[in-house]
Amino acid sequence: MMILGLYSYWIVIALMMIGLYIIIAQGNLIKKIVGLGIFQTSVFIFYITVGKVEGGTAPILAEAYSQYSNPLPHVLILTAIVVGIATTALGLALIVRIKESYGSIEESEIQEKDNPKC
Amino acid sequence: MLTHLPILQVIVPLLAAPSCMIIQRPILVWLFTLTVSGLSFLISLALLQQVMISGAISYELGGWAPPWGIEYRVDELSAVLLLIITFVSTVVLVATHASISKEIAEGRQSLFYVLYLLFLAGILGIVSTGDVFNVFVFLEISSLSAYALIAMGSGRRALWASYQYLILGTIGATFILISIGLMYQMTGTLNMVDLAQRLPEVAATRTIFAAFAFFIVGVSLKLALFPLHVWMPNAYAYAPSVITAFFAATSTKVALYLLIRFTFTVFGFSYSFSTLPLQPLFLGLGLLAIFAGSATAIYQQNIKHLFVYSSVAQIGYLVVGYSMGTPEGLTATLLHVFNHALMKSALFLALAAVIYQVGSAQLKDFRGLGHQMPLTMAAIVVGGLSLIGVPLTVGFISKWYLVMAAIENGWWPVAILIVLGSLLAIAYVWRLVETAYFSDPTPEANPVSEAPLAFLLPLWVLAGANIYFGVDTRLSLHLAQAVSQSLFGVSP
Amino acid sequence: MGILEHIIILTLLLLVAIAITRLKDLLAVVMLMGVYGLLSASFFVIMDAVDVAFTEASVGAGISTILMLTAISLTGRTVSPIGHKPVLAMILVIITGGLLVYATLDMPYYGLVDAPANLHVSPRYIHDSLHEIGIPNAVTSVLASYRGFDTFGEVVVIFTAGIGVLALLSVPSPTPQEDTNEIKSQNIAMHHQHLVLRVISKLLIPFILLFGLYVQFHGDFGPGGGFQAGVIFAAAIILYAMLFGLNTARKAVSLPLVRLVSALGVLLYGSVGIVSLLNGGNFLDYNVLLPDPVAGQHIGILLIELGVGITVASVMIIIFFNFAGRNGHLLNNQSRRK
């Protein structure tokens with residue numbers, strides 16, 4: 001059980017770090033948004049792992065069950081997922097406008113156009 | 001109704017925002033928004049009065065007692081910030097209709113006001129709530145509306161600046177979310193007061209240490225603390241002018257509020273200042289911010305950029321006062337929150353007037369402006385003197401208390417550095433004043449006239465406040481000290 | 001058996017994430033993001049988080065993928081090989097990751113019944129919600145009642161995103177006459193290319209809408225609720241728009257009306273709270289809505305979930321239509337530049 005728990009947490013940390021890496025290292029704006037999505041989703045997985053109760057079931061109360069998993073992290077993550085899609089939608093809208101104005105969605109090319117090295 | 005003031009403070013602008021979609025005509029929407037903001041200001045006055053008399057107010061949302069329900073908790077610190085935010089918002093809105101008529105296409109103007117009200121409700125919500133996850137939700141409301149508002153600025157650079165802010169801001173918010181998750185995992189609660197009681201038992205764990213560290217990094221990103229300030233100069237410079245005026249006065253102050261709230265109320269003063277080397281870290285970064293910000297400001301040709309870099313420096317002052325960890329240091333910081341809001345909103349509103357009349361805010365556009373736009377330039381001079389810290393302005397009061405707090409702490413080098421920072425401010429303010437009053441306009445520049453009353457009125461309310469509160473400091477000092485006492489009183 | 005699924009899904013997630021890092025074709029990246037979302041949803045099911053799984057599948061794997069596809073159709077498919085900062089990224093990632101691993105060493109063991117998180121606030125939700133609120137789905141009880149104000153904030157967040165996208169991307173809609181002209185030429189072309197899809201979707205769309213309504217109102221008894229329902233409802237409209245043309249969809253779904261409706265959803269939610277204030281309770285206190293507190297809870301939850309569903313559906317429609325509608329704008333601009 002302990003191994004499984006630690007394995008879960010460490011994989012989730014690895015996922016978060018991959019997301020963070022994509023955001024910082026990649027120059028393509030859409031890939032950055034993708035990285036943001038991976039980063040956020042991994043945080044959600046972490047929260048939900050915290051709420052799991054061994055031998056429990058989904059927190060929909062019924063007579064047949066006595067042990068339930070913790071509903072509070074679920075509620076928090078529902079909200080966080082919506083916040084995530086809101087951010088993604090806004091980010092993508094910005095990228096579409098940036099493409100129209102700069103003609104490119106690569107960070108280096110945009111910075112070149114703003115600060116031309118004459 | 002009086003018992004419901006805490007929630008009305010947030011609900012009134014929050015529900016006004018979608019209502020704007022029903023009204024639709026820009027001038028009506030503007031008047032509606034102005035009224036709502038004024039109403040919020042009155043509510044904040046009533047709240048402040050209540051809090052000063054009877055202490056912190058607690059409000060149970062949904063009728064459920066905390067920690068099972070969400071609690072709104074307005075104490076002295078919250079009430080003062082509510083006052084500052086709603087005051088600046090109302091004053092800036094007076095000039096908004098005129099200003100955005102030239103900066104934003106007509107079809108989008110009512111959307112502008114919707115986003116403005118959402119941002120206002122967002123930051124009011126952050127300051128009023130006593131539940132850490134609720135903080136996250138309203139932080140995202142204010143951040144998303146901020147990204148959209150900045151992107152509405154003219155030119156493609158506004159888009160790029162907004163995107164960069166989005167990426168960095170979301171990373172910061174997600175770090176704060178991680179921190180909340182770690183705290184919840186170890187204590188089982190999301191309510192601030194409840195957390196304060198339960199954290200000491202688990203304070204020695206590595207998990208809480210990580211929670212604290214993640215929180216500090218996340219909030220520093222939002223605070224634009226050097227070196228995590230990189231999103232701010234472009235985002236504020238390219239945003240619509242009135243938005244810069246509003247954001248510069250309020251947005252980072254709310255991040256500072258979060259810093260103070262979490263380190264004093266949630267984690268507790270002794271934990272916060274002893275676990276991580278918070279004191280030397282913030283002191284060092286604050287001093288770096290003062291000098292890097294001021295130095296960069298001196299070289300700017302775009303005056304909006306100049307004053308944003310000046311803001312980076314001012315945030316440094318705030319953080320230096322905070323890092324002292326003494327009631328005097330915190331009082332000085334809170335005084336500066338109050339005063340800086342007045343200074344920067346006046347300066348950026350004046351810049352908005354200049355942009356309205358001239359069309360841009362480059363240094364060369366200011367040549368001879370002192371004679372063509374006398375009232376506007378005079379307001380900029382007042383704001384500039386305030387930034388430097390000349391006696392009779394609010395800036396002097398802040399610097400004075402900051403230096404005094406440093407000396408009382410035995411930090412003589414810091415006191416000297418604070419004074420040196422002011423000298424740097426003289427450099428960039430003088431450049432602007434000299435160009436405006438002592439150079440002649442370029443031959444190809446069109447003659448400009450003074451800004452309309454819509455700008456001058458709110459501008460001089462703010463500039464006048466700069467002078468008034470620099471002379472009669474009783475109110476601001478009383479408030480700052482009350483907040484400081486309440487924060488140091490509750491923590492161990 | 002549960003352990004095996006657990007390990008497999010997590011490992012698959014890891015592999016997908018690594019693949020996304022290395023790919024240069026944005027279409028493949030977006031597809032893999034959809035896979036990532038679906039794998040996450042499956043993981044949530046294993047973790048007993050059924051409501052979350054539902055939302056992640058519809059929002060994270062569904063809507064998110066559509067939006068990204070529409071975006072890359074406007075911006076291009078390939079990633080430029082230059083412009084990486086791997087060294088800085090690696091340093092930051094190692095520090096952050098290291099800090100998190102450090103944090104896990106003191107965490108309570110996974111799945112423990114008496115972990116602090118499960119002992120303090122949550123037991124009341126599980127034990128008392130049936131007789132305080134009277135619905136089986138504890139997640140809906142917490143979401144809609146105990147922490148209803150957070151959910152209000154959530155609706156406002158999605159509303160803000162909709163307004164933001166409108167502010168950034170809205171173009172003046174073509175007149176009905178222009179629409180009709182477009183439709184005639186488009187219809188013939190699409191009928192030839194996508195005959196099977198069009199026939200099937202015409203059959204399916206009413207059922208999708210019905211399913212959306214079911215999810216909306218059944219959220220008290222099973223996984224579901226306003227968010228998921230709103231997304232499903234919007235998905236039906238988006239499907240129609242994709243296969244029958246944006247112009248046809250615009251005739252069926254009037255965009256100014258949808259904009260108004262999105263605001264009305266938020267106002268509905270807020271009004272329930274205001275009515276509570278007027279009836280003597282605190283904001284969003286459903287006990288005072290009706291003489292019987294539990295019945296009050298039911299009506300309160302019903303109304304706010306409706307507000308949520310309305311706003312989410314309309315915002316998703318707004319966002320999609322504005323992204324897709326930008327296509328014509330981009331093409332017009334390019335032809336003008338030539």
# chains A, B, ... in the order shown; residues from 1 in each chain; ligands from 1
$ residues_around --residues "B:Gln279" --least-positions-apart "3" --cutoff "9 Å" --atoms "only C-alpha atoms" --output "list in words"
Phe273, Ser274, Leu276, Phe282, Leu283, Gly284, Val320, Tyr322, Ser323, Met324 and Gly325 of chain B
$ write_last_selection --atoms "N, CA and C atoms" --output "compact mmCIF listing (two decimals), in the first residue's frame"
# COMPACT_ATOMS: atom_id res chain seq x y z
N PHE B 273 8.21 33.50 9.63
CA PHE B 273 9.49 34.18 9.56
C PHE B 273 10.64 33.30 10.01
N SER B 274 10.35 32.14 10.59
CA SER B 274 11.48 31.32 11.03
C SER B 274 11.74 30.13 10.13
N LEU B 276 11.24 29.48 6.51
CA LEU B 276 12.03 29.88 5.36
C LEU B 276 12.79 31.13 5.77
N PHE B 282 13.17 38.44 1.45
CA PHE B 282 12.34 39.55 1.00
C PHE B 282 13.07 40.87 1.12
N LEU B 283 13.90 41.01 2.15
CA LEU B 283 14.66 42.24 2.28
C LEU B 283 15.57 42.42 1.07
N GLY B 284 16.29 41.34 0.74
CA GLY B 284 17.20 41.40 -0.40
C GLY B 284 16.47 41.68 -1.70
N VAL B 320 10.13 45.56 1.58
CA VAL B 320 11.17 45.83 2.58
C VAL B 320 10.51 46.09 3.93
N TYR B 322 7.62 45.07 4.91
CA TYR B 322 7.02 43.81 5.38
C TYR B 322 8.09 42.92 5.98
N SER B 323 9.27 42.91 5.36
CA SER B 323 10.29 41.96 5.79
C SER B 323 10.82 42.28 7.17
N MET B 324 10.59 43.52 7.64
CA MET B 324 11.12 43.85 8.96
C MET B 324 10.48 43.01 10.04
N GLY B 325 9.22 42.62 9.82
CA GLY B 325 8.58 41.76 10.79
C GLY B 325 8.26 42.44 12.10
$ closest_atom_pairs --of "chain C" --to "chain A" --cutoff "7 Å" --atoms "only C-alpha atoms" --output "CSV"
residue,atom,partner,partner_atom,distance
C:Leu10,CA,A:Ile11,CA,6.8
C:Leu14,CA,A:Leu15,CA,6.2
C:Ala17,CA,A:Ile18,CA,6.8
C:Thr21,CA,A:Ile22,CA,6.3
C:Met47,CA,A:Lys52,CA,5.8
C:Asp48,CA,A:Ala58,CA,4.4
C:Ala49,CA,A:Ala58,CA,6.1
C:Val50,CA,A:Ala58,CA,6.5
C:Val52,CA,A:Leu78,CA,5.7
C:Thr55,CA,A:Leu78,CA,7.0
C:Glu56,CA,A:Ile81,CA,7.0
C:Ser64,CA,A:Ile85,CA,6.6
C:Ala71,CA,A:Leu92,CA,6.4
C:Leu74,CA,A:Val96,CA,6.7
C:Thr75,CA,A:Lys99,CA,6.2
C:Val79,CA,A:Asn28,CA,6.2
C:Gly83,CA,A:Gly27,CA,5.1
C:His84,CA,A:Ala25,CA,5.1
C:Lys85,CA,A:Ala25,CA,4.6
C:Pro86,CA,A:Ala25,CA,5.0
C:Ala89,CA,A:Ala25,CA,5.4
C:Met90,CA,A:Tyr21,CA,6.7
C:Val93,CA,A:Met17,CA,5.7
C:Gly97,CA,A:Met17,CA,6.1
C:Leu100,CA,A:Ile13,CA,6.8
C:Val101,CA,A:Trp10,CA,6.8
C:Tyr109,CA,A:Met2,CA,6.2
C:Tyr110,CA,A:Gly5,CA,4.7
C:Gly111,CA,A:Val53,CA,4.3
C:Leu112,CA,A:Val53,CA,5.9
C:Val113,CA,A:Val53,CA,5.5
C:Asn118,CA,A:Asn70,CA,6.2
C:Ser122,CA,A:Asn70,CA,6.4
C:Pro136,CA,A:Leu61,CA,4.7
C:Asn137,CA,A:Ile60,CA,4.3
C:Ala138,CA,A:Ile60,CA,5.6
C:Val139,CA,A:Pro71,CA,5.4
C:Val142,CA,A:Val75,CA,6.9
C:Leu143,CA,A:Val75,CA,5.6
C:Thr151,CA,A:Thr79,CA,6.8
C:Glu154,CA,A:Thr79,CA,5.9
C:Val157,CA,A:Val83,CA,6.4
C:Ile158,CA,A:Ala86,CA,5.7
C:Ala161,CA,A:Ala86,CA,5.1
C:Gly164,CA,A:Leu90,CA,6.5
C:Val165,CA,A:Leu90,CA,6.0
C:Leu168,CA,A:Ala93,CA,6.6
C:Leu169,CA,A:Ala93,CA,6.7
C:Gly222,CA,A:Ile60,CA,6.8
$ residues_around --residues "stretch 51-55 of chain B" --least-positions-apart "3" --cutoff "12 Å" --atoms "only C-alpha atoms" --output "PDB file with N, CA and C atoms, in the first residue's frame"
ATOM      1  N   THR B   3     -26.269  43.628   8.277  1.00  0.00           N
ATOM      2  CA  THR B   3     -25.488  42.426   8.552  1.00  0.00           C
ATOM      3  C   THR B   3     -24.986  41.785   7.273  1.00  0.00           C
ATOM      4  N   LEU B   5     -23.652  43.333   4.722  1.00  0.00           N
ATOM      5  CA  LEU B   5     -22.697  44.166   4.002  1.00  0.00           C
ATOM      6  C   LEU B   5     -21.513  43.401   3.418  1.00  0.00           C
ATOM      7  N   PRO B   6     -20.917  42.453   4.183  1.00  0.00           N
ATOM      8  CA  PRO B   6     -19.748  41.780   3.612  1.00  0.00           C
ATOM      9  C   PRO B   6     -20.041  41.141   2.264  1.00  0.00           C
ATOM     10  N   SER B  44     -18.113  49.951   1.360  1.00  0.00           N
ATOM     11  CA  SER B  44     -16.818  49.746   2.014  1.00  0.00           C
ATOM     12  C   SER B  44     -16.639  50.715   3.168  1.00  0.00           C
ATOM     13  N   LEU B  45     -17.176  51.947   3.025  1.00  0.00           N
ATOM     14  CA  LEU B  45     -17.101  52.896   4.129  1.00  0.00           C
ATOM     15  C   LEU B  45     -17.855  52.352   5.337  1.00  0.00           C
ATOM     16  N   ALA B  46     -19.075  51.848   5.080  1.00  0.00           N
ATOM     17  CA  ALA B  46     -19.878  51.310   6.179  1.00  0.00           C
ATOM     18  C   ALA B  46     -19.178  50.132   6.841  1.00  0.00           C
ATOM     19  N   LEU B  47     -18.579  49.269   6.015  1.00  0.00           N
ATOM     20  CA  LEU B  47     -17.876  48.110   6.556  1.00  0.00           C
ATOM     21  C   LEU B  47     -16.704  48.542   7.412  1.00  0.00           C
ATOM     22  N   LEU B  48     -15.936  49.527   6.904  1.00  0.00           N
ATOM     23  CA  LEU B  48     -14.772  49.986   7.647  1.00  0.00           C
ATOM     24  C   LEU B  48     -15.189  50.503   9.010  1.00  0.00           C
ATOM     25  N   SER B  58     -17.713  38.346  10.740  1.00  0.00           N
ATOM     26  CA  SER B  58     -17.751  37.032  10.111  1.00  0.00           C
ATOM     27  C   SER B  58     -19.124  36.820   9.494  1.00  0.00           C
ATOM     28  N   ARG B  73     -14.677  36.841   5.984  1.00  0.00           N
ATOM     29  CA  ARG B  73     -14.110  37.381   7.209  1.00  0.00           C
ATOM     30  C   ARG B  73     -13.486  38.734   6.907  1.00  0.00           C
ATOM     31  N   VAL B  74     -14.142  39.815   7.351  1.00  0.00           N
ATOM     32  CA  VAL B  74     -13.626  41.143   7.065  1.00  0.00           C
ATOM     33  C   VAL B  74     -13.015  41.701   8.339  1.00  0.00           C
ATOM     34  N   ASP B  75     -11.676  41.793   8.372  1.00  0.00           N
ATOM     35  CA  ASP B  75     -11.054  42.426   9.523  1.00  0.00           C
ATOM     36  C   ASP B  75     -10.462  43.764   9.079  1.00  0.00           C
ATOM     37  N   GLU B  76      -9.638  44.383   9.969  1.00  0.00           N
ATOM     38  CA  GLU B  76      -9.147  45.729   9.662  1.00  0.00           C
ATOM     39  C   GLU B  76      -8.393  45.767   8.346  1.00  0.00           C
ATOM     40  N   LEU B  77      -7.536  44.763   8.116  1.00  0.00           N
ATOM     41  CA  LEU B  77      -6.745  44.750   6.887  1.00  0.00           C
ATOM     42  C   LEU B  77      -7.655  44.678   5.669  1.00  0.00           C
ATOM     43  N   SER B  78      -8.645  43.769   5.714  1.00  0.00           N
ATOM     44  CA  SER B  78      -9.557  43.646   4.578  1.00  0.00           C
ATOM     45  C   SER B  78     -10.310  44.948   4.352  1.00  0.00           C
ATOM     46  N   ALA B  79     -10.809  45.528   5.450  1.00  0.00           N
ATOM     47  CA  ALA B  79     -11.665  46.705   5.302  1.00  0.00           C
ATOM     48  C   ALA B  79     -10.904  47.865   4.674  1.00  0.00           C
ATOM     49  N   VAL B  80      -9.639  48.042   5.095  1.00  0.00           N
ATOM     50  CA  VAL B  80      -8.854  49.149   4.527  1.00  0.00           C
ATOM     51  C   VAL B  80      -8.647  48.934   3.034  1.00  0.00           C
ATOM     52  N   LEU B  82     -10.545  47.180   1.010  1.00  0.00           N
ATOM     53  CA  LEU B  82     -11.811  47.378   0.306  1.00  0.00           C
ATOM     54  C   LEU B  82     -12.027  48.855   0.018  1.00  0.00           C
ATOM     55  N   HIS B 478      -3.894  56.273  11.376  1.00  0.00           N
ATOM     56  CA  HIS B 478      -4.774  55.561  12.306  1.00  0.00           C
ATOM     57  C   HIS B 478      -5.154  54.196  11.730  1.00  0.00           C
ATOM     58  N   LEU B 479      -5.535  54.194  10.456  1.00  0.00           N
ATOM     59  CA  LEU B 479      -5.928  52.939   9.819  1.00  0.00           C
ATOM     60  C   LEU B 479      -4.767  51.954   9.785  1.00  0.00           C
ATOM     61  N   ALA B 480      -3.599  52.440   9.353  1.00  0.00           N
ATOM     62  CA  ALA B 480      -2.447  51.545   9.223  1.00  0.00           C
ATOM     63  C   ALA B 480      -2.080  50.943  10.574  1.00  0.00           C
ATOM     64  N   GLN B 481      -2.107  51.795  11.603  1.00  0.00           N
ATOM     65  CA  GLN B 481      -1.742  51.287  12.914  1.00  0.00           C
ATOM     66  C   GLN B 481      -2.767  50.290  13.435  1.00  0.00           C
ATOM     67  N   ALA B 482      -4.051  50.567  13.181  1.00  0.00           N
ATOM     68  CA  ALA B 482      -5.096  49.641  13.634  1.00  0.00           C
ATOM     69  C   ALA B 482      -4.907  48.276  12.985  1.00  0.00           C
ATOM     70  N   VAL B 483      -4.612  48.284  11.694  1.00  0.00           N
ATOM     71  CA  VAL B 483      -4.403  47.016  10.991  1.00  0.00           C
ATOM     72  C   VAL B 483      -3.210  46.286  11.580  1.00  0.00           C
ATOM     73  N   GLN B 485      -1.827  46.541  14.476  1.00  0.00           N
ATOM     74  CA  GLN B 485      -2.090  46.012  15.816  1.00  0.00           C
ATOM     75  C   GLN B 485      -2.908  44.746  15.747  1.00  0.00           C
ATOM     76  N   SER B 486      -3.941  44.740  14.882  1.00  0.00           N
ATOM     77  CA  SER B 486      -4.807  43.562  14.853  1.00  0.00           C
ATOM     78  C   SER B 486      -4.041  42.350  14.341  1.00  0.00           C
ATOM     79  N   LEU B 487      -3.131  42.570  13.372  1.00  0.00           N
ATOM     80  CA  LEU B 487      -2.393  41.434  12.818  1.00  0.00           C
ATOM     81  C   LEU B 487      -1.365  40.898  13.805  1.00  0.00           C
ATOM     82  N   VAL B 490      -3.158  38.914  16.894  1.00  0.00           N
ATOM     83  CA  VAL B 490      -3.702  37.553  16.825  1.00  0.00           C
ATOM     84  C   VAL B 490      -2.649  36.499  16.670  1.00  0.00           C
TER      85      VAL B 490
END
$ closest_residue --among "B:Leu111, B:Leu177, B:Leu139, B:Leu166" --to "chain C" --atoms "only C-alpha atoms"
B:Leu111
$ atom_distance --atom1 "atom CA of B:Ile407" --atom2 "atom CA of B:Val266"
28.9 Å
$ closest_atom_pairs --of "chain B" --to "chain A" --cutoff "8 Å" --atoms "only C-alpha atoms" --output "tab-separated table"
residue	atom	partner	partner_atom	distance
B:Phe133	CA	A:Leu76	CA	7.7
B:Val137	CA	A:Val83	CA	7.9
B:Glu140	CA	A:Val83	CA	7.2
B:Leu144	CA	A:Thr87	CA	6.9
B:Ala148	CA	A:Leu90	CA	7.7
B:Ala151	CA	A:Leu94	CA	7.8
B:Arg156	CA	A:Ser101	CA	6.0
B:Arg157	CA	A:Asp114	CA	7.8
B:Leu159	CA	A:Ile98	CA	6.3
B:Trp160	CA	A:Ile98	CA	6.7
B:Ser162	CA	A:Leu94	CA	7.8
B:Tyr163	CA	A:Leu94	CA	6.4
B:Leu166	CA	A:Gly91	CA	7.1
B:Ile167	CA	A:Leu36	CA	7.7
B:Thr170	CA	A:Thr87	CA	7.9
B:Ile171	CA	A:Leu36	CA	7.7
B:Thr174	CA	A:Gln40	CA	6.9
B:Ile178	CA	A:Val43	CA	6.8
B:Gly181	CA	A:Tyr47	CA	6.3
B:Gln185	CA	A:Val50	CA	6.6
$ interface_residues --of "chain C" --to "chain B" --cutoff "6 Å" --atoms "only C-alpha atoms" --output "PDB file with N, CA, C and O atoms, in the first residue's frame"
ATOM      1  N   ALA C 103       8.137  16.888  -0.261  1.00  0.00           N
ATOM      2  CA  ALA C 103       6.876  17.037   0.460  1.00  0.00           C
ATOM      3  C   ALA C 103       6.171  15.703   0.649  1.00  0.00           C
ATOM      4  O   ALA C 103       5.500  15.489   1.658  1.00  0.00           O
ATOM      5  N   ASP C 106       6.447  13.129   3.997  1.00  0.00           N
ATOM      6  CA  ASP C 106       5.731  13.191   5.266  1.00  0.00           C
ATOM      7  C   ASP C 106       4.239  13.052   5.107  1.00  0.00           C
ATOM      8  O   ASP C 106       3.491  13.227   6.062  1.00  0.00           O
ATOM      9  N   PRO C 116      -5.910  12.896   7.974  1.00  0.00           N
ATOM     10  CA  PRO C 116      -6.529  14.140   8.444  1.00  0.00           C
ATOM     11  C   PRO C 116      -7.576  14.677   7.481  1.00  0.00           C
ATOM     12  O   PRO C 116      -8.612  15.193   7.905  1.00  0.00           O
ATOM     13  N   ALA C 117      -7.324  14.529   6.187  1.00  0.00           N
ATOM     14  CA  ALA C 117      -8.266  15.072   5.211  1.00  0.00           C
ATOM     15  C   ALA C 117      -9.617  14.397   5.312  1.00  0.00           C
ATOM     16  O   ALA C 117     -10.646  14.985   4.996  1.00  0.00           O
ATOM     17  N   HIS C 120     -11.719  15.423   9.293  1.00  0.00           N
ATOM     18  CA  HIS C 120     -12.165  16.674   9.906  1.00  0.00           C
ATOM     19  C   HIS C 120     -13.480  17.207   9.331  1.00  0.00           C
ATOM     20  O   HIS C 120     -14.512  17.102   9.940  1.00  0.00           O
ATOM     21  N   TYR C 146     -23.365  23.402   0.495  1.00  0.00           N
ATOM     22  CA  TYR C 146     -22.390  23.750   1.518  1.00  0.00           C
ATOM     23  C   TYR C 146     -21.369  24.753   0.988  1.00  0.00           C
ATOM     24  O   TYR C 146     -21.020  25.721   1.658  1.00  0.00           O
ATOM     25  N   ARG C 147     -20.833  24.491  -0.211  1.00  0.00           N
ATOM     26  CA  ARG C 147     -19.856  25.389  -0.795  1.00  0.00           C
ATOM     27  C   ARG C 147     -20.422  26.034  -2.052  1.00  0.00           C
ATOM     28  O   ARG C 147     -19.721  26.216  -3.060  1.00  0.00           O
ATOM     29  N   ASP C 150     -18.579  28.956  -3.873  1.00  0.00           N
ATOM     30  CA  ASP C 150     -17.472  28.608  -4.765  1.00  0.00           C
ATOM     31  C   ASP C 150     -18.002  28.307  -6.161  1.00  0.00           C
ATOM     32  O   ASP C 150     -17.414  28.686  -7.167  1.00  0.00           O
ATOM     33  N   VAL C 157     -16.470  32.495 -13.489  1.00  0.00           N
ATOM     34  CA  VAL C 157     -15.229  32.268 -14.223  1.00  0.00           C
ATOM     35  C   VAL C 157     -15.524  31.895 -15.659  1.00  0.00           C
ATOM     36  O   VAL C 157     -14.939  32.444 -16.602  1.00  0.00           O
ATOM     37  N   GLY C 164     -14.423  37.294 -22.386  1.00  0.00           N
ATOM     38  CA  GLY C 164     -13.066  37.547 -22.878  1.00  0.00           C
ATOM     39  C   GLY C 164     -12.919  37.129 -24.330  1.00  0.00           C
ATOM     40  O   GLY C 164     -12.377  37.863 -25.158  1.00  0.00           O
ATOM     41  N   ALA C 263     -25.672  35.609 -19.767  1.00  0.00           N
ATOM     42  CA  ALA C 263     -25.757  36.526 -18.635  1.00  0.00           C
ATOM     43  C   ALA C 263     -26.910  36.121 -17.715  1.00  0.00           C
ATOM     44  O   ALA C 263     -26.795  36.198 -16.487  1.00  0.00           O
ATOM     45  N   ASN C 282     -28.914  34.159   5.145  1.00  0.00           N
ATOM     46  CA  ASN C 282     -27.713  34.697   4.522  1.00  0.00           C
ATOM     47  C   ASN C 282     -27.755  34.423   3.026  1.00  0.00           C
ATOM     48  O   ASN C 282     -28.629  33.714   2.532  1.00  0.00           O
ATOM     49  N   PHE C 283     -26.788  34.958   2.309  1.00  0.00           N
ATOM     50  CA  PHE C 283     -26.739  34.758   0.869  1.00  0.00           C
ATOM     51  C   PHE C 283     -26.607  33.272   0.556  1.00  0.00           C
ATOM     52  O   PHE C 283     -25.786  32.582   1.114  1.00  0.00           O
ATOM     53  N   LEU C 284     -27.418  32.788  -0.349  1.00  0.00           N
ATOM     54  CA  LEU C 284     -27.395  31.391  -0.788  1.00  0.00           C
ATOM     55  C   LEU C 284     -27.788  30.409   0.315  1.00  0.00           C
ATOM     56  O   LEU C 284     -27.440  29.232   0.263  1.00  0.00           O
ATOM     57  N   ASP C 285     -28.533  30.874   1.309  1.00  0.00           N
ATOM     58  CA  ASP C 285     -29.063  29.967   2.325  1.00  0.00           C
ATOM     59  C   ASP C 285     -30.386  29.433   1.808  1.00  0.00           C
ATOM     60  O   ASP C 285     -31.393  30.134   1.799  1.00  0.00           O
TER      61      ASP C 285
END
$ residues_around --residues "C:Val253" --least-positions-apart "6" --cutoff "12 Å" --atoms "only C-alpha atoms" --output "PyMOL selection string"
chain C and resi 234+236-238+240-241+246-247+259+261+314+317-318+321
$ residues_around --residues "B:Val382" --least-positions-apart "4" --cutoff "7 Å" --atoms "only C-alpha atoms" --output "ChimeraX atom specification"
/B:378,386,463
$ write_last_selection --atoms "N, CA and C atoms" --output "tab-separated table (two decimals), in the first residue's frame"
chain	number	residue	atom	x	y	z
B	378	ALA	N	0.62	69.63	-14.09
B	378	ALA	CA	0.79	69.95	-12.67
B	378	ALA	C	0.48	68.73	-11.83
B	386	SER	N	5.56	63.16	-5.11
B	386	SER	CA	5.15	62.13	-4.17
B	386	SER	C	6.04	60.90	-4.29
B	463	ALA	N	-4.89	63.84	-7.17
B	463	ALA	CA	-3.68	64.63	-6.89
B	463	ALA	C	-3.87	65.41	-5.60
$ residues_around --residues "C:Glu5" --least-positions-apart "2" --cutoff "12 Å" --atoms "only C-alpha atoms" --output "ChimeraX atom specification"
/A:4,8 /C:1-3,7-12,39,42-47
